[in-house]
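So the structure is just underneath, and the comments pick up after that.
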Amino acid sequence: MLRHVIIFNALSVILVASIIIVEPGPKYPPTKGEVWPKPQQQIKRDTYYKLRPLAFNFTVSGETCHILKSAINRYYNVIRGLHRIAWNHIKKHLKHTPKHTNVTDVNFQGSIKELQIKIRSPCEEHPQMDMDEVYNLNVSAVSTLSSDSIWGALRGMETFVQLLYLSDDYKAVFINATDIVDYPRYPHRGLLIDTSRHYISVSNILKTLDAMEMNKMNVLHWHIVDDQSFPYQSEKFPQLSAQGAYTPSMIYTKNNINHIVNYARDRGIRVLPEFDVPGHTRSWGVAYPKILTKCYQLDELIGLGPMDPSKNITYKLIGELFQEIQQLFPEKYFHVGGDEVELSCWESNPEILMFMRDNNMTKTSDLHAYFMNKIIPLLGENSKPIVWQEVFDEGVPLRDAIVQVWKSEDYNTLVQILKAGHKLIYSASWYLDHLQSGGDWIDYYKVDPRQMIPSFHAKVNLDDIVGGEACMWGEVVDDRNIQSRVWPRTSAVAEKLWSPELQHHRYGYYSYNPPQDVFHRLEEHSCRMNRRGVYAQPPNGPGFCVTE
């Protein structure tokens, strides 16, 4: 642009337009062969190898099992997919490619021949809280991956394929010599999906699990039912879905759930079921209206609200349904919800008010506590409860329950829960349905639950913050857009829960920008997810991704 001078009478006004120089190419050029989430310890060398799929093998020298065999087949396919891109580029430019190319780079060490996998302990049947995910990886001509557990081996195999990268001309697949010792900071690294507000197909749930594996996340928190629909098909209470689901086709059968749970297990992911009570239960009442509370306004019935805590039939149905669900999910924790109860409905109901008087309750929060105290024991010895933070706020005795924090980003809430002796899962800063412009992953990356608590709370056990969850509530996502809404925004949460702690002073809620390398690594990782069939949106702005 040119400099302009404009003169009005005696007043001279000089308008100088800033010169903006825009260089061509991506805003943040992607890295090559960098791992997401960032490993705990990594030494990457300049020496590198070429990977030829037909000349490369995974070999097993220790314990083995179905989960490992399945993973080997899966990662063979990942390698073939990357090589297919290279081969396509060779074919496109075949006339311009010399028949024989001599690599003169002194750092080139020839071909990588195999990855030897050694698991030192027998495979566990299902992943669980505090599972061992530690692994050691050495990349050379004959590479080695070792772990005490199948879960660590799975994480190490994912790291290995992420170290692979395409050459600058996209005609070869390379990997650098690398040493890695890796493990997660937090044992619970979750993603919540909501299948009530919009039905999410089984195939899309499986694709979500694929993406979670790529990000080393290990808990799928499945918020299955809510006010809007009841898509879980119960064998004992079939009318719940027959009348409460959106359509007869938008349900999850026993076979569907078994498939999802087993698919998740093979990727080292726990499936945590949530059946939220006593609120968010309007869809239950289509088939069983008597378990819900009648809501009044000026003595006129205006509809049904939360569950009715005064009726035995409510607890009978919940107890029998919970027992059925527990048979389908091997997960040791069960989320019973407890959030956003419409207390005003209870206050409007004469029968509820009489029940409260008969039981010496002075406020509806006492009734909420009464209800939760009745339903948590219905889980028996097979499951431990997880509750939303309102249950803790109202003083319900929780024993072994984990509290999930979603309402407050104030560290004082976390401190109160920890001082009461409870473990907690943090979600308040990671609500994916709170949409901003592109790049809002940066706000998620700024949060580390343990670092939110000031250092002067020295007596608080930070290890009781067992992890966190990104929450994709379903009001505005369905099969068409859930992947691009979740990824790569959730990748930021995944790295904060896995990777080394960024060192800075702990003073409570804080804000800082991610290091520059994070932007470049996330560009590569988003493209990597797209190459493997997950439709992650661009994370940072202008750029490109070669997928074929």
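In the structure tokens, chains take the letters A, B, ... in the order shown, each chain's residues start at 1, and ligands count up from 1 in the order shown.
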Subject >> Surrounding residues of Ile442 of chain A excluding itself and chain neighbours under 6 positions, 9 Å, only C-alpha atoms, as a PyMOL selection string >> reply: chain A and resi 489+492+513-514
Subject >> Who sits within 8 Å of segment 21-36 of chain A, only C-alpha atoms, same chain under 3 positions skipped, as a PyMOL selection string >> reply: chain A and resi 39+159+162-166+175-176+215+495+519-525+540-544
Just the selected residues (N, CA, C and O atoms), exported as a tab-separated table (two decimals), in the first residue's frame, please.
```tsv
chain	number	residue	atom	x	y	z
A	39	PRO	N	5.91	-36.99	24.85
A	39	PRO	CA	6.40	-37.98	25.82
A	39	PRO	C	7.09	-37.35	27.02
A	39	PRO	O	7.58	-36.22	26.95
A	159	THR	N	2.92	-44.49	19.78
A	159	THR	CA	4.04	-43.57	19.67
A	159	THR	C	4.93	-43.94	18.49
A	159	THR	O	5.37	-43.07	17.73
A	162	GLN	N	3.54	-42.78	15.26
A	162	GLN	CA	3.55	-41.32	15.15
A	162	GLN	C	4.95	-40.78	14.84
A	162	GLN	O	5.08	-39.67	14.32
A	163	LEU	N	5.99	-41.54	15.14
A	163	LEU	CA	7.35	-41.12	14.81
A	163	LEU	C	7.62	-41.23	13.31
A	163	LEU	O	8.57	-40.61	12.80
A	164	LEU	N	6.81	-41.98	12.59
A	164	LEU	CA	6.96	-42.10	11.13
A	164	LEU	C	6.50	-40.82	10.46
A	164	LEU	O	5.54	-40.18	10.88
A	165	TYR	N	7.19	-40.43	9.39
A	165	TYR	CA	6.79	-39.22	8.66
A	165	TYR	C	7.15	-39.37	7.19
A	165	TYR	O	8.02	-40.16	6.80
A	166	LEU	N	6.48	-38.60	6.37
A	166	LEU	CA	6.72	-38.60	4.93
A	166	LEU	C	7.88	-37.67	4.59
A	166	LEU	O	8.05	-36.61	5.22
A	175	ILE	N	11.83	-42.56	9.63
A	175	ILE	CA	11.72	-42.48	11.09
A	175	ILE	C	13.11	-42.21	11.66
A	175	ILE	O	14.10	-42.79	11.20
A	176	ASN	N	13.20	-41.32	12.62
A	176	ASN	CA	14.48	-40.98	13.23
A	176	ASN	C	14.81	-41.91	14.38
A	176	ASN	O	13.92	-42.43	15.06
A	215	ASN	N	-4.74	-40.25	20.73
A	215	ASN	CA	-4.42	-39.19	21.69
A	215	ASN	C	-4.10	-39.75	23.08
A	215	ASN	O	-4.00	-38.99	24.04
A	495	GLU	N	-3.10	-33.88	25.89
A	495	GLU	CA	-1.69	-33.61	26.18
A	495	GLU	C	-1.51	-33.08	27.60
A	495	GLU	O	-0.54	-33.43	28.29
A	519	PHE	N	1.95	-25.56	18.66
A	519	PHE	CA	1.18	-25.20	17.48
A	519	PHE	C	1.61	-26.03	16.27
A	519	PHE	O	0.76	-26.53	15.52
A	520	HIS	N	2.90	-26.20	16.10
A	520	HIS	CA	3.42	-26.94	14.95
A	520	HIS	C	3.15	-28.44	15.10
A	520	HIS	O	2.78	-29.11	14.13
A	521	ARG	N	3.30	-28.96	16.32
A	521	ARG	CA	3.02	-30.39	16.53
A	521	ARG	C	1.54	-30.70	16.33
A	521	ARG	O	1.17	-31.76	15.83
A	522	LEU	N	0.66	-29.78	16.76
A	522	LEU	CA	-0.76	-30.03	16.60
A	522	LEU	C	-1.17	-29.99	15.13
A	522	LEU	O	-2.11	-30.68	14.73
A	523	GLU	N	-0.48	-29.19	14.32
A	523	GLU	CA	-0.73	-29.22	12.87
A	523	GLU	C	-0.44	-30.61	12.31
A	523	GLU	O	-1.24	-31.17	11.55
A	524	GLU	N	0.69	-31.17	12.69
A	524	GLU	CA	1.01	-32.52	12.21
A	524	GLU	C	0.03	-33.55	12.75
A	524	GLU	O	-0.42	-34.43	12.01
A	525	HIS	N	-0.32	-33.41	14.02
A	525	HIS	CA	-1.20	-34.41	14.62
A	525	HIS	C	-2.61	-34.37	14.02
A	525	HIS	O	-3.22	-35.41	13.82
A	540	ASN	N	-5.26	-24.23	13.53
A	540	ASN	CA	-4.64	-22.93	13.72
A	540	ASN	C	-4.88	-21.90	12.62
A	540	ASN	O	-4.53	-20.74	12.81
A	541	GLY	N	-5.40	-22.27	11.49
A	541	GLY	CA	-5.53	-21.32	10.40
A	541	GLY	C	-5.08	-21.93	9.09
A	541	GLY	O	-5.12	-23.15	8.91
A	542	PRO	N	-4.60	-21.09	8.15
A	542	PRO	CA	-4.23	-21.59	6.82
A	542	PRO	C	-3.19	-22.69	6.88
A	542	PRO	O	-2.26	-22.66	7.68
A	543	GLY	N	-3.36	-23.66	6.00
A	543	GLY	CA	-2.42	-24.78	5.92
A	543	GLY	C	-2.95	-25.83	4.97
A	543	GLY	O	-3.90	-25.59	4.23
A	544	PHE	N	-2.35	-27.00	4.97
A	544	PHE	CA	-2.80	-28.07	4.09
A	544	PHE	C	-2.43	-29.41	4.71
A	544	PHE	O	-1.59	-29.49	5.61
```
**OP:** Considering only C-alpha atoms, state which residue in the set A:Ala71, A:Val271, A:Leu418, A:Ile180 is at the smallest distance from Gln42 of chain A.
**Re:**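 For Gln42 of chain A, the nearest of the candidates is A:Ile180.
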Subject >> Closest of A:Asp400, A:Glu133, A:Glu331, A:Asp479 to Gly421 of chain A - atom-to-atom distances counting only C-alpha atoms >> reply: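 Between A:Asp400, A:Glu133, A:Glu331, A:Asp479, the residue approaching Gly421 of chain A most closely is A:Asp400.
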Original post:
Quick one: of A:Leu206, A:Met131, A:Leu343, A:Leu51, who's nearest to Ser143 of chain A, counting only C-alpha atoms?
Top reply: A:Leu51
Original post:
So which residues touch Phe371 of chain A within 8 Å, counting only C-alpha atoms, skipping near sequence neighbours fewer than 3 positions away, as a ChimeraX atom specification?
Top reply: /A:278,309,367-368,374-375
**OP:** Go through A:Asp339, A:Glu469, A:Glu158, A:Asp148 and flag the residue nearest Ile79 of chain A, using only C-alpha atoms for the distances.
**Re:**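 Answer, going by the shortest atom-to-atom distance: A:Glu158.
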Original post:
Looking at A:Met354, A:Met157, A:Ile257, A:Ala141, which one is nearest to Ser201 of chain A, with distances taken over only C-alpha atoms?
Top reply: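 Among the listed residues, the smallest separation from Ser201 of chain A belongs to A:Ile257.
Of the residues listed (A:Ala172, A:Val225, A:Val466, A:Val391), A:Val466 shows the shortest atom-to-atom separation from His188 of chain A; distances use only C-alpha atoms.
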**OP:** Give the strand (DSSP E) residues of segment 103-300 of chain A, as DSSP finds them on the backbone, and put them as a ChimeraX atom specification.
**Re:** /A:108-111,114-119,135-139,142-147,165-166,173-182,188-194,219-223,270-274,292-297,300
Original post:
If you run DSSP on this backbone, which residues of segment 388-472 of chain A come out as alpha helix (DSSP H), and could you give them as an MDAnalysis selection string?
Top reply: chainID A and resid 389:393 411:419 441:445
Just the residues within 12 Å of Trp498 of chain A, please, counting only C-alpha atoms, with nothing from its chain fewer than 3 positions along; format it as a short mmCIF file (atom, residue, chain, number, x, y, z; two decimals) with all heavy atoms, in the first residue's frame.
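The result, stored in selection.cif:
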```cif
data_model
loop_
_atom_site.label_atom_id
_atom_site.label_comp_id
_atom_site.auth_asym_id
_atom_site.auth_seq_id
_atom_site.Cartn_x
_atom_site.Cartn_y
_atom_site.Cartn_z
N VAL A 35 5.59 -36.56 18.38
CA VAL A 35 4.57 -37.37 19.06
C VAL A 35 3.58 -36.48 19.79
O VAL A 35 3.95 -35.47 20.40
CB VAL A 35 5.24 -38.34 20.05
CG1 VAL A 35 4.19 -39.18 20.78
CG2 VAL A 35 6.23 -39.23 19.32
N TRP A 36 2.29 -36.87 19.73
CA TRP A 36 1.24 -36.23 20.52
C TRP A 36 0.48 -37.31 21.29
O TRP A 36 0.06 -38.28 20.69
CB TRP A 36 0.26 -35.49 19.60
CG TRP A 36 -0.65 -34.58 20.36
CD1 TRP A 36 -1.74 -34.94 21.11
CD2 TRP A 36 -0.54 -33.15 20.49
NE1 TRP A 36 -2.30 -33.85 21.70
CE2 TRP A 36 -1.59 -32.74 21.33
CE3 TRP A 36 0.34 -32.21 19.98
CZ2 TRP A 36 -1.78 -31.40 21.66
CZ3 TRP A 36 0.15 -30.89 20.31
CH2 TRP A 36 -0.91 -30.49 21.14
N PRO A 37 0.31 -37.16 22.59
CA PRO A 37 0.85 -36.12 23.46
C PRO A 37 2.37 -36.28 23.67
O PRO A 37 2.90 -37.37 23.53
CB PRO A 37 0.09 -36.31 24.76
CG PRO A 37 -0.34 -37.74 24.76
CD PRO A 37 -0.59 -38.09 23.32
N LYS A 38 2.99 -35.19 24.01
CA LYS A 38 4.45 -35.15 24.14
C LYS A 38 4.92 -36.15 25.18
O LYS A 38 4.41 -36.19 26.30
CB LYS A 38 4.88 -33.73 24.54
CG LYS A 38 6.39 -33.49 24.51
CD LYS A 38 6.67 -32.05 24.88
CE LYS A 38 8.18 -31.75 24.82
NZ LYS A 38 8.70 -31.85 23.45
N PRO A 39 5.91 -36.99 24.85
CA PRO A 39 6.40 -37.98 25.82
C PRO A 39 7.09 -37.35 27.02
O PRO A 39 7.58 -36.22 26.95
CB PRO A 39 7.39 -38.81 24.99
CG PRO A 39 7.01 -38.57 23.56
CD PRO A 39 6.50 -37.15 23.53
N GLN A 40 7.16 -38.13 28.08
CA GLN A 40 7.81 -37.64 29.30
C GLN A 40 9.30 -37.40 29.07
O GLN A 40 9.84 -36.37 29.48
CB GLN A 40 7.61 -38.66 30.43
CG GLN A 40 6.16 -38.83 30.86
CD GLN A 40 5.63 -37.66 31.65
OE1 GLN A 40 6.40 -36.89 32.21
NE2 GLN A 40 4.31 -37.51 31.70
N GLU A 133 0.58 -47.86 32.30
CA GLU A 133 0.73 -47.46 30.90
C GLU A 133 2.16 -47.02 30.59
O GLU A 133 2.40 -46.34 29.59
CB GLU A 133 -0.25 -46.33 30.58
CG GLU A 133 -1.72 -46.73 30.73
CD GLU A 133 -2.68 -45.57 30.57
OE1 GLU A 133 -2.90 -44.85 31.57
OE2 GLU A 133 -3.21 -45.38 29.46
N VAL A 134 3.10 -47.44 31.40
CA VAL A 134 4.50 -47.08 31.21
C VAL A 134 5.10 -47.92 30.08
O VAL A 134 4.82 -49.11 29.96
CB VAL A 134 5.31 -47.32 32.50
CG1 VAL A 134 6.77 -46.91 32.30
CG2 VAL A 134 4.69 -46.57 33.66
N ARG A 155 0.27 -48.05 24.18
CA ARG A 155 0.68 -46.64 24.09
C ARG A 155 2.01 -46.52 23.33
O ARG A 155 2.20 -45.59 22.55
CB ARG A 155 0.84 -46.04 25.49
CG ARG A 155 -0.38 -46.20 26.40
CD ARG A 155 -1.64 -45.57 25.84
NE ARG A 155 -2.77 -45.82 26.72
CZ ARG A 155 -3.92 -46.38 26.33
NH1 ARG A 155 -4.11 -46.70 25.07
NH2 ARG A 155 -4.90 -46.58 27.20
N ASP A 182 8.19 -43.23 28.74
CA ASP A 182 6.95 -42.47 28.74
C ASP A 182 5.91 -43.10 29.67
O ASP A 182 5.88 -44.32 29.86
CB ASP A 182 6.39 -42.41 27.31
CG ASP A 182 5.45 -41.23 27.09
OD1 ASP A 182 5.38 -40.35 27.96
OD2 ASP A 182 4.79 -41.21 26.04
N TYR A 183 5.06 -42.22 30.21
CA TYR A 183 3.97 -42.63 31.10
C TYR A 183 3.07 -41.41 31.30
O TYR A 183 3.49 -40.27 31.11
CB TYR A 183 4.53 -43.08 32.46
CG TYR A 183 5.52 -42.12 33.06
CD1 TYR A 183 5.10 -41.06 33.87
CD2 TYR A 183 6.88 -42.24 32.79
CE1 TYR A 183 6.01 -40.16 34.39
CE2 TYR A 183 7.80 -41.35 33.31
CZ TYR A 183 7.36 -40.31 34.11
OH TYR A 183 8.26 -39.40 34.62
N PRO A 184 1.83 -41.62 31.71
CA PRO A 184 0.91 -40.48 31.88
C PRO A 184 1.04 -39.84 33.25
O PRO A 184 1.38 -40.50 34.24
CB PRO A 184 -0.46 -41.12 31.72
CG PRO A 184 -0.27 -42.52 32.22
CD PRO A 184 1.13 -42.92 31.84
N ARG A 185 0.74 -38.52 33.31
CA ARG A 185 0.69 -37.83 34.60
C ARG A 185 -0.59 -38.17 35.35
O ARG A 185 -0.60 -38.26 36.58
CB ARG A 185 0.77 -36.33 34.39
CG ARG A 185 2.17 -35.80 34.08
CD ARG A 185 2.17 -34.29 34.01
NE ARG A 185 1.77 -33.71 35.27
CZ ARG A 185 0.97 -32.65 35.39
NH1 ARG A 185 0.45 -32.08 34.33
NH2 ARG A 185 0.68 -32.17 36.58
N TYR A 186 -1.69 -38.28 34.64
CA TYR A 186 -2.99 -38.53 35.26
C TYR A 186 -3.52 -39.88 34.81
O TYR A 186 -3.47 -40.20 33.61
CB TYR A 186 -4.01 -37.46 34.85
CG TYR A 186 -3.76 -36.08 35.39
CD1 TYR A 186 -2.97 -35.17 34.69
CD2 TYR A 186 -4.34 -35.65 36.59
CE1 TYR A 186 -2.76 -33.88 35.16
CE2 TYR A 186 -4.15 -34.36 37.07
CZ TYR A 186 -3.35 -33.48 36.35
OH TYR A 186 -3.14 -32.20 36.82
N PRO A 187 -4.08 -40.69 35.71
CA PRO A 187 -4.61 -42.00 35.31
C PRO A 187 -5.94 -41.95 34.58
O PRO A 187 -6.26 -42.86 33.83
CB PRO A 187 -4.75 -42.74 36.65
CG PRO A 187 -4.93 -41.67 37.67
CD PRO A 187 -4.09 -40.51 37.19
N HIS A 188 -6.72 -40.87 34.79
CA HIS A 188 -8.06 -40.77 34.18
C HIS A 188 -8.03 -39.65 33.15
O HIS A 188 -7.97 -38.47 33.48
CB HIS A 188 -9.10 -40.48 35.27
CG HIS A 188 -10.52 -40.45 34.77
ND1 HIS A 188 -11.44 -41.40 35.15
CD2 HIS A 188 -11.18 -39.60 33.95
CE1 HIS A 188 -12.61 -41.13 34.58
NE2 HIS A 188 -12.47 -40.04 33.84
N ARG A 189 -8.08 -40.03 31.85
CA ARG A 189 -8.00 -39.06 30.76
C ARG A 189 -9.19 -39.32 29.83
O ARG A 189 -9.14 -40.21 28.98
CB ARG A 189 -6.66 -39.19 30.02
CG ARG A 189 -5.45 -39.12 30.99
CD ARG A 189 -4.13 -39.28 30.28
NE ARG A 189 -4.06 -40.50 29.48
CZ ARG A 189 -3.84 -41.71 29.95
NH1 ARG A 189 -3.67 -41.90 31.27
NH2 ARG A 189 -3.79 -42.75 29.15
N GLY A 190 -10.25 -38.54 30.04
CA GLY A 190 -11.53 -38.93 29.46
C GLY A 190 -12.14 -37.96 28.47
O GLY A 190 -11.77 -36.79 28.40
N ASN A 215 -4.74 -40.25 20.73
CA ASN A 215 -4.42 -39.19 21.69
C ASN A 215 -4.10 -39.75 23.08
O ASN A 215 -4.00 -38.99 24.04
CB ASN A 215 -5.57 -38.20 21.77
CG ASN A 215 -5.69 -37.35 20.53
OD1 ASN A 215 -5.07 -36.29 20.42
ND2 ASN A 215 -6.47 -37.80 19.55
N LYS A 216 -3.99 -41.07 23.19
CA LYS A 216 -3.66 -41.75 24.45
C LYS A 216 -4.66 -41.40 25.56
O LYS A 216 -4.29 -41.31 26.74
CB LYS A 216 -2.23 -41.45 24.89
CG LYS A 216 -1.15 -41.99 23.94
CD LYS A 216 0.24 -41.82 24.52
CE LYS A 216 1.30 -42.47 23.63
NZ LYS A 216 1.54 -41.76 22.38
N MET A 217 -5.92 -41.24 25.19
CA MET A 217 -6.98 -41.06 26.19
C MET A 217 -7.53 -42.43 26.56
O MET A 217 -7.55 -43.34 25.72
CB MET A 217 -8.08 -40.15 25.66
CG MET A 217 -7.57 -38.78 25.26
SD MET A 217 -8.87 -37.61 24.84
CE MET A 217 -9.35 -37.03 26.47
N ASN A 218 -7.99 -42.59 27.80
CA ASN A 218 -8.31 -43.95 28.25
C ASN A 218 -9.69 -44.12 28.90
O ASN A 218 -9.97 -45.18 29.46
CB ASN A 218 -7.22 -44.47 29.19
CG ASN A 218 -7.12 -43.69 30.49
OD1 ASN A 218 -7.84 -42.72 30.70
ND2 ASN A 218 -6.21 -44.11 31.36
N TYR A 445 -5.62 -25.81 26.58
CA TYR A 445 -4.23 -26.16 26.86
C TYR A 445 -3.66 -25.39 28.06
O TYR A 445 -2.71 -25.82 28.69
CB TYR A 445 -3.37 -25.90 25.62
CG TYR A 445 -2.07 -26.66 25.59
CD1 TYR A 445 -1.97 -27.90 24.97
CD2 TYR A 445 -0.91 -26.14 26.20
CE1 TYR A 445 -0.79 -28.60 24.94
CE2 TYR A 445 0.28 -26.84 26.18
CZ TYR A 445 0.33 -28.07 25.54
OH TYR A 445 1.51 -28.78 25.53
N ASP A 448 -4.29 -26.88 33.80
CA ASP A 448 -3.76 -28.11 34.39
C ASP A 448 -4.37 -28.21 35.79
O ASP A 448 -4.07 -27.39 36.66
CB ASP A 448 -2.24 -28.05 34.47
CG ASP A 448 -1.62 -29.34 34.95
OD1 ASP A 448 -2.23 -30.02 35.80
OD2 ASP A 448 -0.51 -29.69 34.48
N VAL A 466 -7.52 -37.20 40.06
CA VAL A 466 -7.12 -38.38 39.28
C VAL A 466 -7.09 -38.10 37.79
O VAL A 466 -6.59 -38.92 37.01
CB VAL A 466 -8.04 -39.58 39.58
CG1 VAL A 466 -7.91 -39.99 41.04
CG2 VAL A 466 -9.48 -39.28 39.23
N GLY A 467 -7.64 -36.96 37.36
CA GLY A 467 -7.60 -36.65 35.94
C GLY A 467 -8.70 -35.68 35.54
O GLY A 467 -9.19 -34.90 36.36
N GLY A 468 -9.06 -35.76 34.29
CA GLY A 468 -10.06 -34.84 33.77
C GLY A 468 -10.76 -35.39 32.56
O GLY A 468 -10.40 -36.45 32.03
N SER A 491 -7.57 -32.86 21.76
CA SER A 491 -6.15 -33.23 21.78
C SER A 491 -5.38 -32.36 22.79
O SER A 491 -4.41 -32.82 23.41
CB SER A 491 -5.54 -33.07 20.39
OG SER A 491 -6.17 -33.93 19.46
N ALA A 492 -5.80 -31.10 22.93
CA ALA A 492 -5.16 -30.22 23.91
C ALA A 492 -5.33 -30.76 25.32
O ALA A 492 -4.39 -30.78 26.13
CB ALA A 492 -5.73 -28.81 23.81
N VAL A 493 -6.54 -31.23 25.64
CA VAL A 493 -6.81 -31.82 26.95
C VAL A 493 -5.98 -33.09 27.13
O VAL A 493 -5.41 -33.35 28.20
CB VAL A 493 -8.32 -32.12 27.11
CG1 VAL A 493 -8.60 -32.74 28.47
CG2 VAL A 493 -9.13 -30.84 26.92
N ALA A 494 -5.91 -33.88 26.07
CA ALA A 494 -5.16 -35.14 26.14
C ALA A 494 -3.70 -34.90 26.49
O ALA A 494 -3.12 -35.63 27.32
CB ALA A 494 -5.27 -35.88 24.80
N GLU A 495 -3.10 -33.88 25.89
CA GLU A 495 -1.69 -33.61 26.18
C GLU A 495 -1.51 -33.08 27.60
O GLU A 495 -0.54 -33.43 28.29
CB GLU A 495 -1.09 -32.64 25.17
CG GLU A 495 0.37 -32.31 25.46
CD GLU A 495 1.19 -32.01 24.23
OE1 GLU A 495 1.29 -32.90 23.35
OE2 GLU A 495 1.74 -30.90 24.15
N GLU A 501 4.61 -31.87 33.23
CA GLU A 501 4.07 -30.62 33.76
C GLU A 501 4.93 -29.45 33.30
O GLU A 501 6.16 -29.48 33.41
CB GLU A 501 4.05 -30.69 35.29
CG GLU A 501 3.54 -29.45 35.98
CD GLU A 501 3.53 -29.61 37.50
OE1 GLU A 501 4.08 -30.62 38.00
OE2 GLU A 501 3.00 -28.73 38.18
N LEU A 502 4.27 -28.42 32.77
CA LEU A 502 5.00 -27.20 32.43
C LEU A 502 5.34 -26.46 33.71
O LEU A 502 4.48 -26.22 34.56
CB LEU A 502 4.16 -26.32 31.50
CG LEU A 502 3.90 -26.89 30.10
CD1 LEU A 502 3.00 -25.94 29.32
CD2 LEU A 502 5.21 -27.12 29.36
#
```
Original post:
What separation in Å, quoted to one decimal, exists between atom CA of Lys92 of chain A and atom CA of Arg531 of chain A?
Top reply: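 Between atom CA of Lys92 of chain A and atom CA of Arg531 of chain A the gap works out to 18.8 Å.
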